[in-house]
Amino acid sequence: MSMQQPRVERADFDRVMVPNYAPAGFIPVRGEGSRVWDQGGRELIDLAGGIAVNGLGHCHPALVSALAKQAGKLWHMSNVFTNEPALQLARKLAEATFAERVFFANSGAEANEAALKLARKVASDRFGGNKHEIISTVNSFHGRTIFTVNVGGQPKYSEGFGPRPEGITHVPYNDISAIEAAISDSTCAVILEPIQGESGVLPADQAWLKRVRELCDQHDALLIFDEVQTGMGRTGKLFAYEHYHVTPDILTTAKSLGGGFPISAMLTLERWAGYLNVGTHGTTFGGNPLACAVGEAVLDTINTPEVLAGVAEREQLFRTYLQEIIERHGVFDRVRGKGLLIGAVLNESWQGRAADILAAAEAAGVLVLMAGPNVVRFAPSLVIEPDDIREGMQRFAAAVKSLCDN
Ligand SMILES: *Cc1c(COP(=O)(O)O)cnc(C)c1O
């Protein structure tokens, strides 16, 4: 126990917070790299990375310095003015990708909301009001606003919130004939995650993505890649679409873009951007100097050959340690994903037990994630020290062993 009496404790959550989350039993108070400490001084290894947000770990010096520097300069001016950090970050994002134009927002859902509104606006201006259908995929996750939660393909998240927005259909992921059957000249957009993150770390098939691109072109529908989770180096390329050589019309990214500071971006081509002309869309905080200054430091740090190559090296370490666990204990029957977005899929006899594994891992001093009830997900810092991977996976193996021994 620490000497200092904490002024707040976990039990306060149940007294003062809306109960839409069920946070862990401890409160983290400090982080450095891939280690965090709780109120009592217990140290944990973080292989969860704030759910794929802390792409450079905790309190990375380059980010701390960018934030502190901007904090003493200018915080907010509104979109009545532009600002230097926003222009710098936008220019660098455009230089690094297919995109020519950037819109900043504050969360993944908001970036997707902007993307979907842009697609609807393009279709409406070019073809009139009937071309409004959005095709999404079963089990996808795109955020929690009323629009994005209904575009998402997990009904458990969208039930109970009143009338649904119209014109949204869901097709099975990686199913070529399903999307061939669903798409039509009424389709304004297809939205998908190049790797479905929340629902189980499921990568897209190359042939399916390529076919979706062709179908979008045939039907004048915009292709939106939701790279909120897969973006900013997570898969070992700056964006996952680069692995597939399939280019979207619109790309959204968020989580790792701010490394823990809230910021998201919608990237697109000049020919589509123009449809969101003055007054058609906006956000008070989007593109704020603090967020963009941090985002620029994140991009500068991640978008280097060393860091991106390091992601693939670290992926191999994780796969090796997971393979050892599988050989020793079973429990998982395969490992999927790309780069440092890794899903270990529970085998037949462990179905539904991802939450038990998370709890055991935490007790053993390592933080991991679920991706649905049957997948344990790892989304650590892209620059996690190999020693932290080794020690974290030792703790994880001990946690798995403790469950097997019971
Ligand atoms: C996390 C996530 C979102 C939602 O982002 P928020 O910042 O929570 O709004 C959207 N899409 C994907 C693929 C995500 O992983």
# chains A, B, ... in the order shown; residues from 1 in each chain; ligands from 1
>>> select_by_dssp(residues="segment 187-234 of chain A", states="alpha helix (DSSP H)", output="VMD selection string")
chain A and resid 206 to 218
>>> write_last_selection(atoms="N, CA, C and O atoms", output="short mmCIF file (atom, residue, chain, number, x, y, z; two decimals), in the first residue's frame")
data_model
loop_
_atom_site.label_atom_id
_atom_site.label_comp_id
_atom_site.auth_asym_id
_atom_site.auth_seq_id
_atom_site.Cartn_x
_atom_site.Cartn_y
_atom_site.Cartn_z
N GLN A 206 -7.78 -10.56 -49.60
CA GLN A 206 -7.33 -9.73 -50.72
C GLN A 206 -8.36 -9.70 -51.86
O GLN A 206 -8.71 -8.65 -52.38
N ALA A 207 -8.84 -10.88 -52.25
CA ALA A 207 -9.75 -10.97 -53.41
C ALA A 207 -11.06 -10.23 -53.14
O ALA A 207 -11.63 -9.60 -54.03
N TRP A 208 -11.52 -10.31 -51.90
CA TRP A 208 -12.77 -9.64 -51.54
C TRP A 208 -12.61 -8.12 -51.62
O TRP A 208 -13.43 -7.43 -52.23
N LEU A 209 -11.52 -7.60 -51.02
CA LEU A 209 -11.30 -6.15 -51.05
C LEU A 209 -11.20 -5.63 -52.49
O LEU A 209 -11.75 -4.59 -52.82
N LYS A 210 -10.49 -6.37 -53.31
CA LYS A 210 -10.30 -5.97 -54.70
C LYS A 210 -11.65 -5.94 -55.42
O LYS A 210 -11.95 -5.00 -56.16
N ARG A 211 -12.47 -6.93 -55.15
CA ARG A 211 -13.79 -7.02 -55.79
C ARG A 211 -14.70 -5.88 -55.29
O ARG A 211 -15.45 -5.29 -56.07
N VAL A 212 -14.61 -5.57 -54.01
CA VAL A 212 -15.43 -4.47 -53.47
C VAL A 212 -15.05 -3.16 -54.16
O VAL A 212 -15.92 -2.37 -54.54
N ARG A 213 -13.77 -2.96 -54.37
CA ARG A 213 -13.31 -1.75 -55.06
C ARG A 213 -13.90 -1.68 -56.48
O ARG A 213 -14.41 -0.65 -56.92
N GLU A 214 -13.85 -2.81 -57.20
CA GLU A 214 -14.42 -2.85 -58.56
C GLU A 214 -15.91 -2.55 -58.55
O GLU A 214 -16.42 -1.78 -59.38
N LEU A 215 -16.60 -3.15 -57.60
CA LEU A 215 -18.06 -2.96 -57.54
C LEU A 215 -18.41 -1.50 -57.22
O LEU A 215 -19.36 -0.95 -57.78
N CYS A 216 -17.65 -0.89 -56.33
CA CYS A 216 -17.88 0.52 -56.01
C CYS A 216 -17.70 1.38 -57.26
O CYS A 216 -18.50 2.28 -57.53
N ASP A 217 -16.66 1.09 -58.03
CA ASP A 217 -16.42 1.87 -59.25
C ASP A 217 -17.56 1.68 -60.25
O ASP A 217 -18.02 2.63 -60.87
N GLN A 218 -18.02 0.44 -60.39
CA GLN A 218 -19.11 0.16 -61.34
C GLN A 218 -20.39 0.89 -60.98
O GLN A 218 -21.18 1.25 -61.85
#
>>> residues_near_ligand(ligand="ligand 1", cutoff="6 Å", atoms="only C-alpha atoms and all ligand atoms", output="JSON, numbers by chain")
{"A": [107, 108, 109, 141, 142, 143, 193, 197, 198, 226, 227, 228, 229]}
>>> write_last_selection(atoms="N, CA and C atoms", output="mmCIF file, in the first residue's frame")
data_model
loop_
_atom_site.group_PDB
_atom_site.id
_atom_site.type_symbol
_atom_site.label_atom_id
_atom_site.label_comp_id
_atom_site.auth_asym_id
_atom_site.auth_seq_id
_atom_site.Cartn_x
_atom_site.Cartn_y
_atom_site.Cartn_z
ATOM 1 N N SER A 107 -12.969 11.941 -32.529
ATOM 2 C CA SER A 107 -13.134 10.528 -32.174
ATOM 3 C C SER A 107 -13.350 9.743 -33.458
ATOM 4 N N GLY A 108 -13.209 8.429 -33.332
ATOM 5 C CA GLY A 108 -13.428 7.572 -34.492
ATOM 6 C C GLY A 108 -14.839 7.707 -35.034
ATOM 7 N N ALA A 109 -15.797 7.704 -34.129
ATOM 8 C CA ALA A 109 -17.191 7.815 -34.557
ATOM 9 C C ALA A 109 -17.415 9.090 -35.356
ATOM 10 N N PHE A 141 -17.567 -2.651 -36.525
ATOM 11 C CA PHE A 141 -17.727 -1.624 -35.488
ATOM 12 C C PHE A 141 -17.275 -0.285 -36.058
ATOM 13 N N HIS A 142 -18.166 0.717 -35.984
ATOM 14 C CA HIS A 142 -17.827 2.020 -36.539
ATOM 15 C C HIS A 142 -18.071 3.183 -35.582
ATOM 16 N N GLY A 143 -18.453 2.895 -34.340
ATOM 17 C CA GLY A 143 -18.640 3.970 -33.373
ATOM 18 C C GLY A 143 -20.015 3.886 -32.719
ATOM 19 N N GLU A 193 -13.844 -2.253 -42.378
ATOM 20 C CA GLU A 193 -12.547 -2.242 -41.699
ATOM 21 C C GLU A 193 -11.626 -3.224 -42.441
ATOM 22 N N GLY A 197 -11.658 -5.157 -36.100
ATOM 23 C CA GLY A 197 -10.929 -5.128 -34.841
ATOM 24 C C GLY A 197 -11.752 -5.614 -33.661
ATOM 25 N N GLU A 198 -12.783 -4.861 -33.331
ATOM 26 C CA GLU A 198 -13.562 -5.130 -32.118
ATOM 27 C C GLU A 198 -14.179 -6.526 -32.123
ATOM 28 N N ASP A 226 -12.520 2.175 -42.797
ATOM 29 C CA ASP A 226 -12.446 2.592 -41.401
ATOM 30 C C ASP A 226 -11.143 2.051 -40.827
ATOM 31 N N GLU A 227 -10.142 2.917 -40.787
ATOM 32 C CA GLU A 227 -8.838 2.536 -40.219
ATOM 33 C C GLU A 227 -8.627 3.203 -38.864
ATOM 34 N N VAL A 228 -9.731 3.361 -38.140
ATOM 35 C CA VAL A 228 -9.654 3.938 -36.799
ATOM 36 C C VAL A 228 -8.734 3.089 -35.920
ATOM 37 N N GLN A 229 -8.822 1.773 -36.081
ATOM 38 C CA GLN A 229 -8.000 0.879 -35.266
ATOM 39 C C GLN A 229 -6.741 0.401 -35.996
#
>>> closest_atom_pairs(of="segment 6-104 of chain A", to="segment 387-406 of chain A", cutoff="9 Å", atoms="only C-alpha atoms", output="Markdown table")
| residue | atom | partner | partner_atom | distance |
| --- | --- | --- | --- | --- |
| A:Ser34 | CA | A:Asp388 | CA | 7.0 |
| A:Arg35 | CA | A:Asp388 | CA | 8.2 |
| A:Leu44 | CA | A:Gly392 | CA | 8.6 |
| A:Ile45 | CA | A:Gly392 | CA | 5.7 |
| A:Asp46 | CA | A:Gly392 | CA | 7.8 |
| A:Leu47 | CA | A:Gly392 | CA | 7.3 |
>>> select_by_dssp(residues="segment 128-333 of chain A", states="strand (DSSP E)", output="number ranges by chain")
A: 133-137, 168-171, 187-192, 195-196, 202-203, 222-226, 250-253, 264-268, 332-333
>>> atom_distance(atom1="atom CA of Val201 of chain A", atom2="atom CA of Val375 of chain A")
7.9 Å
>>> residues_around(residues="Thr230 of chain A", least_positions_apart="2", cutoff="12 Å", atoms="only C-alpha atoms", output="PyMOL selection string")
chain A and resi 51-53+55+108+192-198+201-204+225-228+232-243+251-257+337-342+379
>>> residues_around(residues="Arg353 of chain A", least_positions_apart="5", cutoff="10 Å", atoms="only C-alpha atoms", output="ChimeraX atom specification")
/A:331,346-347,358,370,372-376
>>> write_last_selection(atoms="all heavy atoms", output="PDB file, in the first residue's frame")
ATOM      1  N   VAL A 331      -5.586 -24.232 -25.450  1.00  0.00           N
ATOM      2  CA  VAL A 331      -6.367 -23.028 -25.170  1.00  0.00           C
ATOM      3  C   VAL A 331      -6.732 -22.257 -26.447  1.00  0.00           C
ATOM      4  O   VAL A 331      -7.900 -21.987 -26.695  1.00  0.00           O
ATOM      5  CB  VAL A 331      -5.686 -22.083 -24.154  1.00  0.00           C
ATOM      6  CG1 VAL A 331      -6.531 -20.839 -23.895  1.00  0.00           C
ATOM      7  CG2 VAL A 331      -5.417 -22.821 -22.845  1.00  0.00           C
ATOM      8  N   LEU A 346      -9.638 -18.525 -29.213  1.00  0.00           N
ATOM      9  CA  LEU A 346      -9.841 -19.634 -28.276  1.00  0.00           C
ATOM     10  C   LEU A 346     -10.324 -20.885 -29.011  1.00  0.00           C
ATOM     11  O   LEU A 346     -11.115 -20.795 -29.960  1.00  0.00           O
ATOM     12  CB  LEU A 346     -10.869 -19.239 -27.208  1.00  0.00           C
ATOM     13  CG  LEU A 346     -10.360 -18.180 -26.225  1.00  0.00           C
ATOM     14  CD1 LEU A 346     -11.511 -17.644 -25.385  1.00  0.00           C
ATOM     15  CD2 LEU A 346      -9.269 -18.752 -25.330  1.00  0.00           C
ATOM     16  N   ASN A 347      -9.844 -22.028 -28.574  1.00  0.00           N
ATOM     17  CA  ASN A 347     -10.266 -23.274 -29.213  1.00  0.00           C
ATOM     18  C   ASN A 347     -11.641 -23.717 -28.702  1.00  0.00           C
ATOM     19  O   ASN A 347     -12.244 -23.066 -27.838  1.00  0.00           O
ATOM     20  CB  ASN A 347      -9.193 -24.365 -29.063  1.00  0.00           C
ATOM     21  CG  ASN A 347      -9.043 -24.850 -27.629  1.00  0.00           C
ATOM     22  OD1 ASN A 347      -9.927 -24.666 -26.794  1.00  0.00           O
ATOM     23  ND2 ASN A 347      -7.902 -25.461 -27.343  1.00  0.00           N
ATOM     24  N   LEU A 358      -8.608 -12.502 -19.490  1.00  0.00           N
ATOM     25  CA  LEU A 358      -8.253 -11.115 -19.176  1.00  0.00           C
ATOM     26  C   LEU A 358      -8.069 -10.928 -17.671  1.00  0.00           C
ATOM     27  O   LEU A 358      -7.105 -10.295 -17.219  1.00  0.00           O
ATOM     28  CB  LEU A 358      -9.345 -10.161 -19.662  1.00  0.00           C
ATOM     29  CG  LEU A 358      -8.991  -9.303 -20.862  1.00  0.00           C
ATOM     30  CD1 LEU A 358      -8.728 -10.177 -22.072  1.00  0.00           C
ATOM     31  CD2 LEU A 358     -10.083  -8.295 -21.154  1.00  0.00           C
ATOM     32  N   MET A 370      -9.921  -8.101 -24.982  1.00  0.00           N
ATOM     33  CA  MET A 370     -10.758  -9.068 -25.693  1.00  0.00           C
ATOM     34  C   MET A 370     -11.107  -8.468 -27.053  1.00  0.00           C
ATOM     35  O   MET A 370     -11.022  -7.261 -27.253  1.00  0.00           O
ATOM     36  CB  MET A 370     -12.088  -9.302 -24.979  1.00  0.00           C
ATOM     37  CG  MET A 370     -11.973  -9.768 -23.573  1.00  0.00           C
ATOM     38  SD  MET A 370     -13.570  -9.726 -22.692  1.00  0.00           S
ATOM     39  CE  MET A 370     -14.668 -10.642 -23.765  1.00  0.00           C
ATOM     40  N   GLY A 372     -14.417  -9.571 -28.676  1.00  0.00           N
ATOM     41  CA  GLY A 372     -15.506 -10.538 -28.594  1.00  0.00           C
ATOM     42  C   GLY A 372     -15.159 -11.603 -27.561  1.00  0.00           C
ATOM     43  O   GLY A 372     -14.050 -11.627 -27.014  1.00  0.00           O
ATOM     44  N   PRO A 373     -16.111 -12.516 -27.274  1.00  0.00           N
ATOM     45  CA  PRO A 373     -15.935 -13.481 -26.183  1.00  0.00           C
ATOM     46  C   PRO A 373     -14.913 -14.575 -26.456  1.00  0.00           C
ATOM     47  O   PRO A 373     -14.481 -15.262 -25.535  1.00  0.00           O
ATOM     48  CB  PRO A 373     -17.340 -14.100 -26.031  1.00  0.00           C
ATOM     49  CG  PRO A 373     -18.023 -13.849 -27.342  1.00  0.00           C
ATOM     50  CD  PRO A 373     -17.448 -12.586 -27.889  1.00  0.00           C
ATOM     51  N   ASN A 374     -14.478 -14.714 -27.726  1.00  0.00           N
ATOM     52  CA  ASN A 374     -13.630 -15.855 -28.085  1.00  0.00           C
ATOM     53  C   ASN A 374     -12.236 -15.492 -28.577  1.00  0.00           C
ATOM     54  O   ASN A 374     -11.518 -16.354 -29.070  1.00  0.00           O
ATOM     55  CB  ASN A 374     -14.328 -16.700 -29.158  1.00  0.00           C
ATOM     56  CG  ASN A 374     -15.643 -17.245 -28.648  1.00  0.00           C
ATOM     57  OD1 ASN A 374     -15.738 -17.683 -27.499  1.00  0.00           O
ATOM     58  ND2 ASN A 374     -16.668 -17.176 -29.473  1.00  0.00           N
ATOM     59  N   VAL A 375     -11.886 -14.227 -28.457  1.00  0.00           N
ATOM     60  CA  VAL A 375     -10.568 -13.806 -28.956  1.00  0.00           C
ATOM     61  C   VAL A 375      -9.891 -12.919 -27.912  1.00  0.00           C
ATOM     62  O   VAL A 375     -10.487 -11.963 -27.408  1.00  0.00           O
ATOM     63  CB  VAL A 375     -10.701 -13.036 -30.296  1.00  0.00           C
ATOM     64  CG1 VAL A 375      -9.340 -12.528 -30.762  1.00  0.00           C
ATOM     65  CG2 VAL A 375     -11.335 -13.920 -31.373  1.00  0.00           C
ATOM     66  N   VAL A 376      -8.641 -13.257 -27.582  1.00  0.00           N
ATOM     67  CA  VAL A 376      -7.802 -12.390 -26.751  1.00  0.00           C
ATOM     68  C   VAL A 376      -6.969 -11.541 -27.705  1.00  0.00           C
ATOM     69  O   VAL A 376      -6.327 -12.059 -28.617  1.00  0.00           O
ATOM     70  CB  VAL A 376      -6.895 -13.212 -25.812  1.00  0.00           C
ATOM     71  CG1 VAL A 376      -5.957 -12.284 -25.045  1.00  0.00           C
ATOM     72  CG2 VAL A 376      -7.745 -14.040 -24.845  1.00  0.00           C
TER      73      VAL A 376
END
>>> residues_around(residues="Ala291 of chain A", least_positions_apart="3", cutoff="10 Å", atoms="only C-alpha atoms", output="list in words")
Ala66, Leu67, Gln70, Trp75, His76, Pro85, Ala86, Leu89, Phe104, Ala105, Asn106, Leu257, Gly258, Gly259, Gly260, Phe261, Pro262, Ile263, Ser264, Phe285, Gly286, Gly287, Asn288, Val294, Gly295 and Glu296 of chain A
>>> atom_distance(atom1="atom CA of Glu166 of chain A", atom2="atom CA of Ile191 of chain A")
15.5 Å
>>> closest_residue(among="A:Phe147, A:Tyr275, A:Tyr157, A:Phe378", to="Phe318 of chain A", atoms="only C-alpha atoms")
A:Phe378
>>> atom_distance(atom1="atom CA of Ser158 of chain A", atom2="atom CA of Ile146 of chain A")
7.7 Å
>>> residues_around(residues="Cys59 of chain A", least_positions_apart="5", cutoff="9 Å", atoms="only C-alpha atoms", output="list of chain:residue names")
A:Gly31, A:Glu32, A:Gly33, A:Val64
>>> write_last_selection(atoms="N, CA and C atoms", output="PDB file, in the first residue's frame")
ATOM      1  N   GLY A  31       1.985   6.084 -16.169  1.00  0.00           N
ATOM      2  CA  GLY A  31       2.476   5.166 -17.185  1.00  0.00           C
ATOM      3  C   GLY A  31       3.772   5.664 -17.768  1.00  0.00           C
ATOM      4  N   GLU A  32       4.612   4.723 -18.171  1.00  0.00           N
ATOM      5  CA  GLU A  32       5.872   5.076 -18.819  1.00  0.00           C
ATOM      6  C   GLU A  32       6.201   3.950 -19.790  1.00  0.00           C
ATOM      7  N   GLY A  33       6.306   4.284 -21.066  1.00  0.00           N
ATOM      8  CA  GLY A  33       6.549   3.221 -22.048  1.00  0.00           C
ATOM      9  C   GLY A  33       5.404   2.228 -22.022  1.00  0.00           C
ATOM     10  N   VAL A  64       5.078  14.215 -25.192  1.00  0.00           N
ATOM     11  CA  VAL A  64       5.011  15.096 -24.020  1.00  0.00           C
ATOM     12  C   VAL A  64       5.558  16.471 -24.387  1.00  0.00           C
TER      13      VAL A  64
END
